[in-house]
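Visitor: To be precise about what I am sending: the file is called final_12.pdb and holds PDB, C-alpha atoms.
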```
ATOM      1  CA  PHE A   1     142.113  56.551  97.594
ATOM      2  CA  PRO A   2     144.270  58.077 100.356
ATOM      3  CA  VAL A   3     143.197  55.425 102.838
ATOM      4  CA  THR A   4     145.387  53.248 105.056
ATOM      5  CA  ILE A   5     143.924  50.075 106.533
ATOM      6  CA  VAL A   6     146.193  47.993 108.765
ATOM      7  CA  ILE A   7     145.034  44.453 108.049
ATOM      8  CA  SER A   8     146.226  43.036 111.380
ATOM      9  CA  GLU A   9     144.045  45.570 113.204
ATOM     10  CA  VAL A  10     140.786  44.681 111.466
ATOM     11  CA  ILE A  11     140.892  40.881 111.102
ATOM     12  CA  ASN A  12     142.052  38.007 113.300
ATOM     13  CA  ASP A  13     145.520  36.525 112.862
ATOM     14  CA  LYS A  14     144.439  33.187 111.363
ATOM     15  CA  PHE A  15     142.814  34.920 108.387
ATOM     16  CA  ILE A  16     145.710  37.225 107.477
ATOM     17  CA  PRO A  17     147.420  34.732 105.068
ATOM     18  CA  TYR A  18     144.173  34.526 103.074
ATOM     19  CA  PHE A  19     143.476  38.232 102.792
ATOM     20  CA  TYR A  20     145.096  38.738  99.382
ATOM     21  CA  ASN A  21     144.177  35.280  98.089
ATOM     22  CA  LYS A  22     143.450  34.937  94.354
ATOM     23  CA  ASP A  23     142.571  31.234  94.117
ATOM     24  CA  LYS A  24     139.458  30.391  92.112
ATOM     25  CA  TYR A  25     137.628  28.920  95.120
ATOM     26  CA  LEU A  26     138.116  30.363  98.615
ATOM     27  CA  ILE A  27     136.066  28.608 101.295
ATOM     28  CA  PHE A  28     135.929  29.540 104.977
ATOM     29  CA  TYR A  29     133.988  27.130 107.181
ATOM     30  CA  GLY A  30     133.710  26.405 110.872
ATOM     31  CA  SER A  31     131.787  27.159 114.033
ATOM     32  CA  ARG A  32     129.785  30.270 114.713
ATOM     33  CA  GLY A  33     131.751  33.118 116.223
ATOM     34  CA  SER A  34     135.012  32.315 114.447
ATOM     35  CA  SER A  35     134.876  35.655 112.534
ATOM     36  CA  LYS A  36     135.030  33.948 109.111
ATOM     37  CA  SER A  37     132.109  35.962 107.714
ATOM     38  CA  ASP A  38     133.429  39.195 109.187
ATOM     39  CA  CYS A  39     136.827  38.595 107.595
ATOM     40  CA  MET A  40     135.355  37.785 104.204
ATOM     41  CA  SER A  41     133.241  40.936 104.251
ATOM     42  CA  LYS A  42     136.378  43.001 104.928
ATOM     43  CA  MET A  43     138.177  41.237 102.084
ATOM     44  CA  ILE A  44     135.368  42.375  99.787
ATOM     45  CA  ILE A  45     135.641  45.945 101.081
ATOM     46  CA  TYR A  46     139.378  45.904 100.423
ATOM     47  CA  ARG A  47     138.836  44.668  96.881
ATOM     48  CA  LEU A  48     136.216  47.358  96.288
ATOM     49  CA  LEU A  49     138.748  49.994  97.285
ATOM     50  CA  SER A  50     141.899  48.621  95.714
ATOM     51  CA  GLU A  51     141.131  46.838  92.440
ATOM     52  CA  SER A  52     140.843  48.605  89.104
ATOM     53  CA  PHE A  53     137.753  46.537  88.240
ATOM     54  CA  PHE A  54     135.649  44.648  90.781
ATOM     55  CA  ARG A  55     132.025  43.618  90.504
ATOM     56  CA  CYS A  56     130.737  41.151  93.067
ATOM     57  CA  LEU A  57     127.453  39.259  93.313
ATOM     58  CA  SER A  58     126.522  38.260  96.862
ATOM     59  CA  VAL A  59     123.858  35.538  96.960
ATOM     60  CA  ARG A  60     121.561  33.931  99.494
ATOM     61  CA  LYS A  61     118.665  31.544  99.008
ATOM     62  CA  THR A  62     116.020  34.242  99.330
ATOM     63  CA  ALA A  63     116.129  37.948  98.592
ATOM     64  CA  THR A  64     114.392  38.790 101.876
ATOM     65  CA  SER A  65     117.232  37.265 103.947
ATOM     66  CA  ILE A  66     120.027  39.335 102.403
ATOM     67  CA  ALA A  67     119.365  42.768 103.910
ATOM     68  CA  GLU A  68     119.963  41.561 107.472
ATOM     69  CA  SER A  69     122.891  39.264 106.672
ATOM     70  CA  SER A  70     125.666  39.731 104.118
ATOM     71  CA  TYR A  71     124.540  43.235 103.100
ATOM     72  CA  LYS A  72     124.307  44.472 106.693
ATOM     73  CA  MET A  73     127.681  43.001 107.636
ATOM     74  CA  ILE A  74     129.514  44.731 104.801
ATOM     75  CA  VAL A  75     127.720  48.042 105.427
ATOM     76  CA  ASP A  76     128.433  47.873 109.170
ATOM     77  CA  ASN A  77     132.123  47.191 108.551
ATOM     78  CA  ILE A  78     132.372  50.081 106.100
ATOM     79  CA  TYR A  79     131.078  52.503 108.724
ATOM     80  CA  ASN A  80     132.985  50.885 111.608
ATOM     81  CA  MET A  81     136.237  51.440 109.697
ATOM     82  CA  GLY A  82     135.337  55.048 108.942
ATOM     83  CA  LEU A  83     134.988  54.516 105.181
ATOM     84  CA  GLY A  84     131.401  55.631 104.677
ATOM     85  CA  ASN A  85     132.343  58.689 102.626
ATOM     86  CA  LEU A  86     133.916  56.429  99.973
ATOM     87  CA  PHE A  87     130.743  54.493  99.199
ATOM     88  CA  LYS A  88     127.231  54.979  97.882
ATOM     89  CA  ILE A  89     124.980  52.542  99.732
ATOM     90  CA  THR A  90     121.407  51.903  98.586
ATOM     91  CA  THR A  91     118.601  49.646  99.749
ATOM     92  CA  SER A  92     116.545  49.633  96.539
ATOM     93  CA  PRO A  93     118.281  47.943  94.937
ATOM     94  CA  LEU A  94     120.568  46.442  97.568
ATOM     95  CA  LYS A  95     123.907  47.696  96.328
ATOM     96  CA  ILE A  96     127.195  48.970  97.713
ATOM     97  CA  GLU A  97     129.150  51.048  95.203
ATOM     98  CA  CYS A  98     132.599  52.496  95.741
ATOM     99  CA  LEU A  99     133.336  55.959  94.338
ATOM    100  CA  ASN A 100     135.794  54.337  91.904
ATOM    101  CA  GLY A 101     132.933  52.459  90.218
ATOM    102  CA  ASN A 102     133.447  49.031  91.814
ATOM    103  CA  TYR A 103     130.395  47.505  93.454
ATOM    104  CA  VAL A 104     128.650  44.620  95.201
ATOM    105  CA  ILE A 105     125.068  43.716  94.369
ATOM    106  CA  PHE A 106     122.890  41.383  96.428
ATOM    107  CA  ARG A 107     120.405  38.874  95.061
ATOM    108  CA  GLY A 108     118.366  35.865  96.153
ATOM    109  CA  LEU A 109     118.201  32.567  94.318
ATOM    110  CA  ASP A 110     114.455  33.194  94.152
ATOM    111  CA  GLU A 111     115.198  36.060  91.727
ATOM    112  CA  VAL A 112     116.298  33.910  88.818
ATOM    113  CA  ASP A 113     115.451  36.407  86.083
ATOM    114  CA  ARG A 114     117.476  39.146  87.766
ATOM    115  CA  LEU A 115     120.476  36.830  88.079
ATOM    116  CA  LYS A 116     120.482  35.944  84.389
ATOM    117  CA  SER A 117     120.765  39.573  83.304
ATOM    118  CA  LEU A 118     124.004  40.307  85.184
ATOM    119  CA  THR A 119     127.197  40.897  83.199
ATOM    120  CA  ASN A 120     130.911  41.243  83.915
ATOM    121  CA  ILE A 121     130.685  39.818  87.432
ATOM    122  CA  CYS A 122     134.117  38.674  88.613
ATOM    123  CA  CYS A 123     133.358  37.598  92.188
ATOM    124  CA  LEU A 124     130.593  35.386  93.545
ATOM    125  CA  HIS A 125     129.997  35.501  97.312
ATOM    126  CA  PHE A 126     127.966  33.014  99.345
ATOM    127  CA  GLU A 127     127.292  33.914 102.965
ATOM    128  CA  GLU A 128     126.369  31.085 105.391
ATOM    129  CA  GLU A 129     124.587  28.976 102.767
ATOM    130  CA  VAL A 130     125.079  27.524  99.312
ATOM    131  CA  PRO A 131     122.457  26.616  96.682
ATOM    132  CA  ASP A 132     120.442  23.462  97.372
ATOM    133  CA  THR A 133     121.227  21.808  94.064
ATOM    134  CA  VAL A 134     124.273  21.392  91.873
ATOM    135  CA  GLU A 135     122.226  22.776  88.969
ATOM    136  CA  GLU A 136     121.723  26.076  90.818
ATOM    137  CA  TRP A 137     125.387  26.138  91.786
ATOM    138  CA  ASN A 138     126.546  25.567  88.218
ATOM    139  CA  THR A 139     124.163  28.173  86.823
ATOM    140  CA  LEU A 140     125.729  30.803  89.045
ATOM    141  CA  VAL A 141     129.366  29.730  88.834
ATOM    142  CA  LEU A 142     129.357  29.338  85.072
ATOM    143  CA  SER A 143     127.840  32.795  84.640
ATOM    144  CA  ILE A 144     130.715  34.503  86.457
ATOM    145  CA  ARG A 145     133.048  35.874  83.818
ATOM    146  CA  SER A 146     134.737  39.142  82.980
ATOM    147  CA  SER A 147     137.387  40.256  80.523
ATOM    148  CA  PHE A 148     138.130  43.330  82.654
ATOM    149  CA  ALA A 149     138.968  41.767  86.033
ATOM    150  CA  SER A 150     142.431  40.492  86.904
ATOM    151  CA  PHE A 151     140.995  37.232  88.312
ATOM    152  CA  ILE A 152     137.724  35.414  88.976
ATOM    153  CA  GLN A 153     136.893  34.139  92.446
ATOM    154  CA  ILE A 154     134.124  32.219  94.218
ATOM    155  CA  MET A 155     134.045  33.116  97.936
ATOM    156  CA  VAL A 156     132.107  30.978 100.427
ATOM    157  CA  SER A 157     131.665  31.479 104.164
ATOM    158  CA  MET A 158     129.604  28.779 105.849
ATOM    159  CA  ASN A 159     128.869  26.756 108.959
ATOM    160  CA  PRO A 160     129.447  22.969 108.674
ATOM    161  CA  MET A 161     125.741  22.159 108.921
ATOM    162  CA  LEU A 162     124.895  20.502 105.597
ATOM    163  CA  GLU A 163     122.291  17.796 106.125
ATOM    164  CA  ASP A 164     123.316  14.362 104.868
ATOM    165  CA  TYR A 165     126.573  16.052 103.912
ATOM    166  CA  GLU A 166     128.247  13.013 102.315
ATOM    167  CA  ASN A 167     125.555  13.000  99.636
ATOM    168  CA  HIS A 168     125.588  16.765  99.175
ATOM    169  CA  TYR A 169     127.155  17.997  95.937
ATOM    170  CA  PHE A 170     129.144  20.706  97.731
ATOM    171  CA  TRP A 171     130.880  18.256 100.062
ATOM    172  CA  GLN A 172     131.546  15.858  97.211
ATOM    173  CA  MET A 173     132.933  18.672  95.062
ATOM    174  CA  PHE A 174     135.308  20.200  97.601
ATOM    175  CA  PHE A 175     135.803  17.897 100.611
ATOM    176  CA  LYS A 176     135.444  14.283  99.517
ATOM    177  CA  GLY A 177     138.649  12.307 100.005
ATOM    178  CA  GLU A 178     140.306  15.137 101.941
ATOM    179  CA  GLY A 179     141.509  14.332 105.450
ATOM    180  CA  ARG A 180     142.744  17.792 106.397
ATOM    181  CA  LEU A 181     140.550  20.475 107.956
ATOM    182  CA  SER A 182     142.349  23.225 106.035
ATOM    183  CA  PHE A 183     143.947  22.613 102.661
ATOM    184  CA  ARG A 184     144.818  23.937  99.223
ATOM    185  CA  ARG A 185     144.829  21.770  96.130
ATOM    186  CA  ALA A 186     144.942  22.118  92.379
ATOM    187  CA  ILE A 187     142.189  20.969  90.025
ATOM    188  CA  ASN A 188     142.317  20.574  86.265
ATOM    189  CA  THR A 189     139.580  22.412  84.371
ATOM    190  CA  ASP A 190     138.824  23.398  80.785
ATOM    191  CA  ASN A 191     140.491  26.726  81.622
ATOM    192  CA  GLY A 192     143.670  25.093  82.928
ATOM    193  CA  VAL A 193     144.836  24.466  86.492
ATOM    194  CA  GLN A 194     142.831  26.235  89.176
ATOM    195  CA  TYR A 195     143.052  26.128  92.957
ATOM    196  CA  ILE A 196     140.685  25.349  95.804
ATOM    197  CA  ASN A 197     141.661  26.915  99.131
ATOM    198  CA  VAL A 198     139.715  25.790 102.209
ATOM    199  CA  MET A 199     140.230  27.132 105.718
ATOM    200  CA  HIS A 200     138.643  25.805 108.904
ATOM    201  CA  SER A 201     138.186  28.031 111.939
ATOM    202  CA  THR A 202     136.589  27.935 115.394
ATOM    203  CA  TYR A 203     135.602  30.530 117.971
ATOM    204  CA  HIS A 204     139.118  30.168 119.432
ATOM    205  CA  ASP A 205     140.395  31.982 116.320
ATOM    206  CA  ASN A 206     138.304  35.057 117.095
TER
END
```
Can the structure in the file be given as structure tokens, please?

Guide:
Amino acid sequence: FPVTIVISEVINDKFIPYFYNKDKYLIFYGSRGSSKSDCMSKMIIYRLLSESFFRCLSVRKTATSIAESSYKMIVDNIYNMGLGNLFKITTSPLKIECLNGNYVIFRGLDEVDRLKSLTNICCLHFEEEVPDTVEEWNTLVLSIRSSFASFIQIMVSMNPMLEDYENHYFWQMFFKGEGRLSFRRAINTDNGVQYINVMHSTYHDN
């Protein structure tokens, strides 16, 4: 598309080094008002426009909470950046499709049957919340696969408000034993070495 987006004009400085990130797990966390969710939504818009194949599943705990959260933020940013003519945006189903065929679909964890039927998803996006159980997490993460995409990524934007966090699977999986607020580290998996990239932000970064 003949579109020019100057990254430094649409996101805050702290997030610029992460904008083109291709690590398997990209996690933004921190206080409200730090612009982490806004930045991640713009990263998704960029990928919709620029990648040859991009299909993203954006998930929240309930389907009813999506329309006024992750869906609305991405739609608002599309129009705020003057890109509305490059997208087909629908509410039934909740879907944002670029004219090149790339798209984001939005689902709730309470729509299990609809999640199971999805194919060739290469990006999984969690906005402000993660699944309650490790079983739900694994069901989603293990279903993300595509032979057409250049890489697979799990994107998470969240506030640090997990109850009893030291016993929560998400903290144990990504933060346990880590003393730094922001970090990148390698993990060994059945698919070889993959990377976790975690970035902490506050309202001072906005």

Visitor: Set the distance at 8 Å and use all atoms listed in the file: which residues neighbour stretch 56-65 of chain A once local chain neighbours fewer than 2 positions away are removed? I'd like the list as a ChimeraX atom specification.

Guide: /A:54,67-70,103-111,121-127,129-131

Visitor: Figure out the distance between atom CA of A:Met199 and atom CA of A:Cys98, please, to one decimal in Å.

Guide: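 Straight-line distance from atom CA of A:Cys98 to atom CA of A:Met199 works out to 28.3 Å.
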
Visitor: Excluding A:Tyr25 and residues on its chain fewer than 6 positions from it, collect all residues at most 9 Å away from it, counting only C-alpha atoms, and give them as an NGL selection string.

Guide: :A and (152-156 or 194-198)

Visitor: Just how far from atom CA of A:Phe174 is atom CA of A:Thr189, in Å to one decimal?

Guide: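 Spanning atom CA of A:Thr189 to atom CA of A:Phe174 is a straight-line distance of 14.1 Å.
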
Visitor: Name the closest residue to A:Lys36 among the candidates A:Tyr79, A:Phe53, A:Tyr20, A:Phe15; distances are taken between atoms, counting only C-alpha atoms.

Guide: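 Looking at the shortest contact to A:Lys36, the residue is A:Phe15.
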
Visitor: So which one's closest to A:Ile11, A:Asp38, A:Glu51, A:Asp76, A:Glu135? Using all atoms listed in the file, please.

Guide: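 Counting all atoms listed in the file, the residue closest to A:Ile11 is A:Asp38.
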
Visitor: Nearest residue to A:Asp23 out of A:Ile187, A:Leu86, A:Leu48, A:Ile96, using only C-alpha atoms?

Guide: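 So, comparing all the options, the nearest one is A:Ile187.
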
Visitor: If I take atom CA of A:Ser8 and atom CA of A:Leu83, how far is one from the other in Å, to one decimal?

Guide: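 Between these atoms lies a distance of 17.2 Å.
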
Visitor: Tell me, as an NGL selection string, which residues lie within 8 Å of A:Ser41, counting only C-alpha atoms; anything in the same chain fewer than 2 positions away does not count.

Guide: :A and (37-39 or 43-45 or 70 or 73-74 or 77)

Visitor: If we count all atoms listed in the file and set the cut-off at 7 Å, which residues sit around A:Asn206, ignoring sequence neighbours fewer than 5 positions away in its own chain? Please answer as a ChimeraX atom specification.

Guide: /A:12,33-35

Visitor: Can you work out which one of A:Ile7, A:Ile78, A:Tyr165, A:His200 has the shortest atom-to-atom distance to A:Phe183, counting only C-alpha atoms?

Guide: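 Comparing A:Ile7, A:Ile78, A:Tyr165, A:His200 against A:Phe183, the winner is A:His200.
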
Visitor: Expand the PyMOL selection byres ((chain A and resi 160) around 10) into the individual residues it matches in the shown file, reporting them as JSON, numbers by chain.

Guide: {"A": [28, 29, 30, 31, 32, 128, 129, 157, 158, 159, 161, 162, 163, 165, 171, 200]}

Visitor: Go through A:Lys42, A:Ser147, A:Leu99, A:Asp190 and flag the residue nearest A:Thr119, using only C-alpha atoms for the distances.

Guide: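 So, comparing all the options, the nearest one is A:Ser147.
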
Visitor: Listed atoms of stretch 14-24 of chain A, axis-aligned box, 8 Å per side: centre and edge lengths to one decimal in Å, as AutoDock Vina command-line options?

Guide:
```
--center_x 143.4 --center_y 34.6 --center_z 101.7 --size_x 24.0 --size_y 24.3 --size_z 35.3
```
